[in-house]
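Enquirer: Sharing coords-v4.cif here; it has mmCIF, C-alpha atoms.
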```
data_final
loop_
_atom_site.label_atom_id
_atom_site.label_comp_id
_atom_site.auth_asym_id
_atom_site.auth_seq_id
_atom_site.Cartn_x
_atom_site.Cartn_y
_atom_site.Cartn_z
CA MET A 1 75.48 100.81 118.11
CA GLU A 2 72.92 98.13 117.42
CA SER A 3 70.57 100.31 115.39
CA PRO A 4 70.94 99.61 111.65
CA ALA A 5 70.63 103.30 110.88
CA PHE A 6 70.09 106.71 112.40
CA GLN A 7 68.26 109.64 110.89
CA ALA A 8 69.59 113.11 110.14
CA GLY A 9 69.14 115.20 113.29
CA ASP A 10 69.51 112.24 115.68
CA THR A 11 71.79 112.57 118.73
CA ILE A 12 73.36 109.48 120.27
CA SER A 13 74.40 110.23 123.85
CA LEU A 14 76.94 108.09 125.72
CA LEU A 15 76.90 108.15 129.52
CA ARG A 16 79.92 109.67 131.22
CA ASP A 17 81.95 107.44 133.55
CA CYS A 18 81.13 104.45 131.33
CA THR A 19 83.58 102.33 129.33
CA TRP A 20 83.23 100.51 126.02
CA ASN A 21 85.83 97.92 124.94
CA GLU A 22 84.81 97.80 121.31
CA THR A 23 84.89 99.60 117.99
CA LEU A 24 82.35 102.36 117.51
CA THR A 25 81.11 102.39 113.90
CA PRO A 26 78.36 104.92 113.11
CA PRO A 27 76.08 103.17 110.60
CA SER A 28 74.59 106.11 108.70
CA SER A 29 75.02 109.71 107.59
CA GLY A 30 73.42 113.02 108.38
CA THR A 31 72.64 115.60 105.74
CA ASN A 32 73.93 119.05 104.85
CA PRO A 33 72.59 121.69 107.30
CA ALA A 34 73.18 124.38 104.68
CA THR A 35 70.49 122.86 102.49
CA GLY A 36 67.95 122.16 105.21
CA GLY A 37 69.45 118.93 106.52
CA ALA A 38 70.92 118.10 109.91
CA LEU A 39 74.00 116.43 111.34
CA ILE A 40 73.97 113.15 113.24
CA LYS A 41 75.66 113.82 116.57
CA ILE A 42 77.45 111.55 119.01
CA ASP A 43 78.08 113.18 122.38
CA SER A 44 78.19 112.55 126.12
CA TYR A 45 75.64 113.13 128.87
CA GLY A 46 75.65 113.10 132.65
CA ASN A 47 78.48 113.98 135.02
CA GLY A 48 81.98 112.62 135.44
CA GLN A 49 84.70 111.55 133.06
CA PRO A 50 83.99 111.45 129.31
CA PRO A 51 82.73 108.22 127.74
CA HIS A 52 85.74 105.95 127.49
CA LEU A 53 86.37 103.97 124.30
CA THR A 54 89.36 101.74 124.97
CA GLY A 55 91.06 98.60 123.78
CA TYR A 56 92.30 97.77 127.29
CA LEU A 57 90.32 95.14 129.21
CA PRO A 58 91.47 94.35 132.78
CA ILE A 59 90.66 90.77 133.79
CA ALA A 60 89.86 90.38 137.49
CA ALA A 61 90.74 87.37 139.63
CA LYS A 62 87.27 85.83 139.52
CA TRP A 63 87.44 85.28 135.75
CA TRP A 64 90.60 83.14 135.85
CA THR A 65 90.47 79.33 136.02
CA GLN A 66 93.53 77.18 136.65
CA ILE A 67 94.34 74.35 134.29
CA PRO A 68 94.62 71.32 136.65
CA ASN A 69 98.13 70.56 137.92
CA MET A 70 99.68 73.36 135.88
CA ASN A 71 100.75 76.98 136.38
CA ILE A 72 98.52 77.95 133.49
CA TRP A 73 95.33 79.92 133.89
CA SER A 74 92.57 80.64 131.40
CA ALA A 75 89.97 83.38 130.99
CA PRO A 76 87.45 83.79 128.15
CA PRO A 77 87.03 87.48 127.27
CA TYR A 78 84.19 86.70 124.85
CA SER A 79 81.70 84.00 123.93
CA THR A 80 79.10 83.54 121.23
CA THR A 81 76.88 81.93 123.89
CA SER A 82 75.10 84.38 126.16
CA GLY A 83 74.70 84.01 129.91
CA LEU A 84 77.88 82.09 130.71
CA ALA A 85 79.08 82.81 134.24
CA ASN A 86 82.81 82.45 133.49
CA VAL A 87 83.04 84.98 130.64
CA VAL A 88 84.54 88.36 131.59
CA GLN A 89 81.71 90.71 132.53
CA CYS A 90 81.51 94.44 133.21
CA GLY A 91 79.19 96.59 135.28
CA ILE A 92 76.53 95.46 137.71
CA ARG A 93 74.14 93.88 135.21
CA GLY A 94 76.26 90.88 134.26
CA PHE A 95 76.78 91.75 130.61
CA TYR A 96 79.85 90.57 128.74
CA CYS A 97 82.41 93.34 128.42
CA LEU A 98 82.89 92.52 124.75
CA THR A 99 80.10 92.44 122.20
CA GLN A 100 82.56 91.90 119.35
CA PRO A 101 84.83 88.83 119.17
CA PRO A 102 88.55 89.68 119.30
CA SER A 103 90.13 88.01 116.31
CA GLN A 104 93.56 88.36 117.89
CA LEU A 105 95.19 89.35 121.17
CA GLU A 106 98.69 90.44 120.36
CA TYR A 107 99.38 92.26 123.61
CA VAL A 108 98.75 91.42 127.24
CA ARG A 109 99.99 93.66 130.02
CA PHE A 110 101.05 92.18 133.37
CA GLY A 111 101.17 95.11 135.76
CA THR A 112 103.43 97.55 133.91
CA THR A 113 105.24 94.90 131.84
CA TRP A 114 104.17 93.53 128.47
CA GLY A 115 103.87 89.76 128.21
CA THR A 116 105.40 87.40 125.64
CA ALA A 117 103.04 85.89 123.08
CA GLN A 118 103.43 82.16 122.48
CA GLY A 119 102.07 79.93 119.74
CA SER A 120 100.27 77.36 121.88
CA GLN A 121 99.22 76.48 125.41
CA THR A 122 102.04 73.97 125.76
CA ALA A 123 104.59 76.69 124.98
CA LEU A 124 103.69 78.62 128.14
CA SER A 125 106.63 78.07 130.48
CA GLN A 126 107.42 81.26 132.40
CA ASP A 127 105.77 84.27 133.98
CA ARG A 128 104.13 86.68 131.54
CA ASP A 129 103.86 84.10 128.77
CA PHE A 130 100.44 84.13 127.13
CA TRP A 131 98.57 82.47 124.29
CA TYR A 132 95.21 83.40 122.81
CA ASP A 133 92.99 80.67 121.39
CA ALA A 134 91.24 82.70 118.68
CA THR A 135 88.92 79.82 117.78
CA ASN A 136 87.37 79.51 121.23
CA TYR A 137 88.13 83.07 122.46
CA ILE A 138 90.17 81.95 125.48
CA LEU A 139 93.25 83.70 126.86
CA TYR A 140 95.85 81.50 128.58
CA VAL A 141 98.64 82.91 130.76
CA TYR A 142 101.43 81.44 132.85
CA SER A 143 101.49 82.40 136.53
CA ALA A 144 103.67 80.50 139.00
CA GLU A 145 102.26 82.39 142.01
CA GLY A 146 98.64 81.39 141.60
CA ASN A 147 95.81 83.46 140.16
CA PRO A 148 97.33 85.98 137.69
CA ALA A 149 95.28 88.86 139.10
CA GLY A 150 96.58 87.99 142.57
CA ASN A 151 100.20 87.72 141.48
CA MET A 152 102.38 90.33 143.17
CA ALA A 153 104.89 90.09 140.31
CA TYR A 154 102.11 91.33 138.01
CA SER A 155 101.14 94.16 140.38
CA TYR A 156 97.88 92.26 140.81
CA THR A 157 96.75 93.41 137.37
CA VAL A 158 96.44 91.61 134.06
CA GLY A 159 94.89 93.35 131.07
CA ALA A 160 94.50 92.39 127.42
CA ILE A 161 94.43 94.75 124.45
CA VAL A 162 91.22 93.46 122.93
CA LEU A 163 91.19 95.87 119.97
CA SER A 164 94.54 94.72 118.65
CA GLY A 165 94.73 95.60 114.97
CA GLU A 166 91.37 97.36 115.17
CA THR A 167 90.21 100.97 115.01
CA VAL A 168 88.44 102.46 118.02
CA LEU A 169 86.24 104.96 116.13
CA ASN A 170 85.66 103.78 112.58
CA LEU A 171 84.03 106.21 110.13
CA ASN A 172 83.43 104.19 106.98
CA GLY A 173 81.36 105.69 104.17
CA VAL A 174 79.50 108.14 106.41
CA SER A 175 79.25 111.93 106.27
CA TRP A 176 77.76 114.92 108.07
CA LEU A 177 78.61 113.70 111.56
CA GLU A 178 79.58 115.65 114.68
CA ILE A 179 81.37 113.62 117.37
CA GLN A 180 82.70 115.10 120.59
CA HIS A 181 83.52 114.63 124.28
CA LEU A 182 85.10 111.17 124.02
CA GLN A 183 88.24 109.65 125.50
CA ILE A 184 89.98 107.14 123.21
CA ASP A 185 93.01 105.08 124.19
CA TRP A 186 94.87 101.74 124.16
CA PHE A 187 94.97 100.86 120.48
CA ASP A 188 97.77 99.71 118.23
CA GLY A 189 96.22 100.84 114.95
CA TYR A 190 94.20 104.05 114.69
CA GLY A 191 92.13 105.82 117.30
CA VAL A 192 89.93 107.36 114.59
CA GLN A 193 89.90 106.12 111.01
CA VAL A 194 88.12 107.78 108.08
CA GLN A 195 87.43 105.38 105.23
CA GLY A 196 85.45 105.05 102.03
CA ALA A 197 83.48 108.09 100.93
CA SER A 198 83.36 109.63 104.41
CA ASP A 199 83.44 113.42 104.45
CA HIS A 200 82.02 116.45 106.29
CA ILE A 201 83.09 115.25 109.73
CA TRP A 202 83.44 117.34 112.90
CA LEU A 203 85.58 115.89 115.72
CA ALA A 204 85.76 118.06 118.83
CA ASN A 205 86.88 117.89 122.46
CA MET A 206 88.42 114.44 122.21
CA ALA A 207 91.51 113.12 123.95
CA ARG A 208 93.77 110.16 124.36
CA THR A 209 95.46 109.64 127.70
CA VAL A 210 97.56 106.47 127.59
CA LYS A 211 100.70 106.02 125.55
CA TRP A 212 100.66 102.81 123.57
CA LYS A 213 103.54 100.37 123.32
CA THR A 214 103.69 100.28 119.53
CA ALA A 215 101.55 101.42 116.66
CA ARG A 216 101.50 101.20 112.91
CA CYS A 217 101.35 104.97 112.77
CA HIS A 218 101.06 107.58 115.50
CA TRP A 219 99.72 106.02 118.68
CA ASP A 220 97.46 109.05 119.02
CA SER A 221 96.54 109.28 115.36
CA MET A 222 93.52 110.03 113.27
CA CYS A 223 93.87 108.56 109.81
CA SER A 224 92.14 109.03 106.49
CA HIS A 225 92.61 106.62 103.59
CA ARG A 226 91.28 109.01 100.97
CA THR A 227 91.24 112.76 100.35
CA PRO A 228 88.12 114.24 101.93
CA VAL A 229 87.57 117.98 101.65
CA ASP A 230 85.79 118.83 104.88
CA ILE A 231 87.24 117.29 108.06
CA HIS A 232 87.34 119.53 111.15
CA LEU A 233 89.35 118.90 114.33
CA TYR A 234 88.72 121.13 117.36
CA ASN A 235 90.25 120.78 120.82
CA THR A 236 91.30 117.32 119.73
CA ASP A 237 94.50 115.78 121.05
CA ALA A 238 95.72 113.87 118.00
CA LYS A 239 97.86 113.84 114.90
CA TYR A 240 96.25 113.56 111.50
CA GLU A 241 97.46 111.31 108.71
CA LEU A 242 96.52 110.74 105.09
CA CYS A 243 97.45 107.21 103.99
CA GLY A 244 100.28 107.23 106.53
CA LEU A 245 101.49 110.74 105.61
CA PRO A 246 101.32 113.09 108.62
CA LEU A 247 99.51 116.34 107.88
CA SER A 248 99.76 118.11 111.20
CA THR A 249 100.96 121.68 111.38
CA ASP A 250 104.43 120.55 112.49
CA ALA A 251 104.82 117.87 109.81
CA PRO A 252 105.63 119.21 106.33
CA VAL A 253 104.04 117.69 103.24
CA ALA A 254 106.45 116.99 100.41
CA ASP A 255 103.93 117.14 97.58
CA ALA A 256 102.72 120.72 96.97
CA HIS A 257 99.62 119.47 95.13
CA LEU A 258 98.73 117.26 98.07
CA ARG A 259 99.26 120.19 100.41
CA SER A 260 96.87 122.38 98.43
CA ARG A 261 94.19 119.70 98.51
CA THR A 262 94.51 118.90 102.20
CA ALA A 263 95.54 122.12 103.91
CA ALA A 264 91.94 122.85 104.89
CA LEU A 265 91.69 119.55 106.77
CA TRP A 266 93.81 120.59 109.72
CA GLU A 267 92.41 122.84 112.40
CA PRO A 268 94.89 123.97 115.08
CA HIS A 269 94.53 122.60 118.60
CA LEU A 270 92.41 124.63 121.05
CA ARG A 271 90.72 126.63 118.37
CA ASP A 272 87.46 128.26 119.44
CA HIS A 273 84.51 126.77 117.60
CA GLY A 274 81.25 128.33 118.70
CA GLN A 275 78.84 125.64 117.52
CA HIS A 276 80.23 123.06 119.96
CA ALA A 277 78.98 123.45 123.52
CA GLY A 278 81.56 123.09 126.24
CA ASP A 279 84.65 123.80 124.16
CA GLY A 280 87.88 123.43 126.05
CA GLU A 281 86.46 120.64 128.23
CA LEU A 282 86.01 116.94 127.81
#
```
Can I see the file as structure tokens?
Expert:
Amino acid sequence: MESPAFQAGDTISLLRDCTWNETLTPPSSGTNPATGGALIKIDSYGNGQPPHLTGYLPIAAKWWTQIPNMNIWSAPPYSTTSGLANVVQCGIRGFYCLTQPPSQLEYVRFGTTWGTAQGSQTALSQDRDFWYDATNYILYVYSAEGNPAGNMAYSYTVGAIVLSGETVLNLNGVSWLEIQHLQIDWFDGYGVQVQGASDHIWLANMARTVKWKTARCHWDSMCSHRTPVDIHLYNTDAKYELCGLPLSTDAPVADAHLRSRTAALWEPHLRDHGQHAGDGEL
């Protein structure tokens, strides 16, 4: 979202069947509808699958370049210089897939097998070894059978988790937002994170579809680092956590005072909520 701010009542619509490999951070708040204000809404439009926010970036054969006389191949998933032909691009318009520089790439998937991270290019010595040069934004992998994306041992697929250590949907200091009809997956931190003074948030008709290798908390989690009073989850396939403490209906809370303050945060799955169009569907 390149706009510095949105106004109360604005709707930001994301096209279905499109993918974003980056963090979505709404920059501003709506206002209370009960006092004449209006929510800011993020939703989908068009036909097809829901807008896809994912940390997984497949890297096709044409983006790989062999290091001369070595079984090492490189691909730059990002660059600060626009218009470079060798940087991984998405869609038909030749835009870089990533608009945010990945500070780290901790996980690379070769077919269905996770690779082994190494500390330098010279340490790459066997299939599925990889090293990420975070200074120049270049991913290096070892592939003895030629181009990594043409390697049968890798099922002809190499993909990097470009949101490693990041949050996919980051709500930081914003309130009075309604967000729905999104698919969120492939993250090792939080799918949705509520931070700062964020409150009065509606999250509806959202799903995750891919199980993640490892995660700091639940791989399908929504996390809040404070105690908001008005967070609503409807038709949303996730677990909820408060500072790492699960608050879902099947996870008891040890502190009775904490329970009394947070019980209103959890809405059961598949609950009917009339103000959201298209409930029960993504």
Enquirer: Specify as an MDAnalysis selection string each residue included when the PyMOL selection byres ((chain A and resi 117-121) around 12) is applied to this file.
Expert: chainID A and resid 67 70:74 104:109 114:116 122:134 138:142 160
Enquirer: What's the 10 Å shell around Cys18 (chain A), counting all atoms listed in the file, without same-chain residues fewer than 6 positions away, as a PyMOL selection string?
Expert: chain A and resi 48-53+91
Enquirer: I need the chosen residues saved as an mmCIF file, keeping the file's coordinate frame, with C-alpha atoms.
Expert:
```cif
data_model
loop_
_atom_site.group_PDB
_atom_site.id
_atom_site.type_symbol
_atom_site.label_atom_id
_atom_site.label_comp_id
_atom_site.auth_asym_id
_atom_site.auth_seq_id
_atom_site.Cartn_x
_atom_site.Cartn_y
_atom_site.Cartn_z
ATOM 1 C CA GLY A 48 81.980 112.620 135.440
ATOM 2 C CA GLN A 49 84.700 111.550 133.060
ATOM 3 C CA PRO A 50 83.990 111.450 129.310
ATOM 4 C CA PRO A 51 82.730 108.220 127.740
ATOM 5 C CA HIS A 52 85.740 105.950 127.490
ATOM 6 C CA LEU A 53 86.370 103.970 124.300
ATOM 7 C CA GLY A 91 79.190 96.590 135.280
#
```
Enquirer: Could you tell me which residues the PyMOL selection byres ((chain A and resi 60) around 9) grabs in this file, written as a VMD selection string?
Expert: chain A and resid 58 to 59 61 to 64 88 148 to 150 156 to 159
Enquirer: On this structure, the PyMOL selection byres ((chain A and resi 166) around 10) would catch which residues? List them as a PyMOL selection string, sorted by chain and number.
Expert: chain A and resi 22-23+55+102-104+162-165+167-170+187-191+193
Enquirer: Fewer than 3 positions away in the same chain doesn't count, so skip those; otherwise give me all residues within 10 Å of Tyr78 (chain A), counting all atoms listed in the file, as JSON, numbers by chain.
Expert: {"A": [75, 81, 82, 84, 86, 87, 88, 89, 96, 97, 98, 99, 100, 101, 102, 136, 137, 138, 139, 162]}
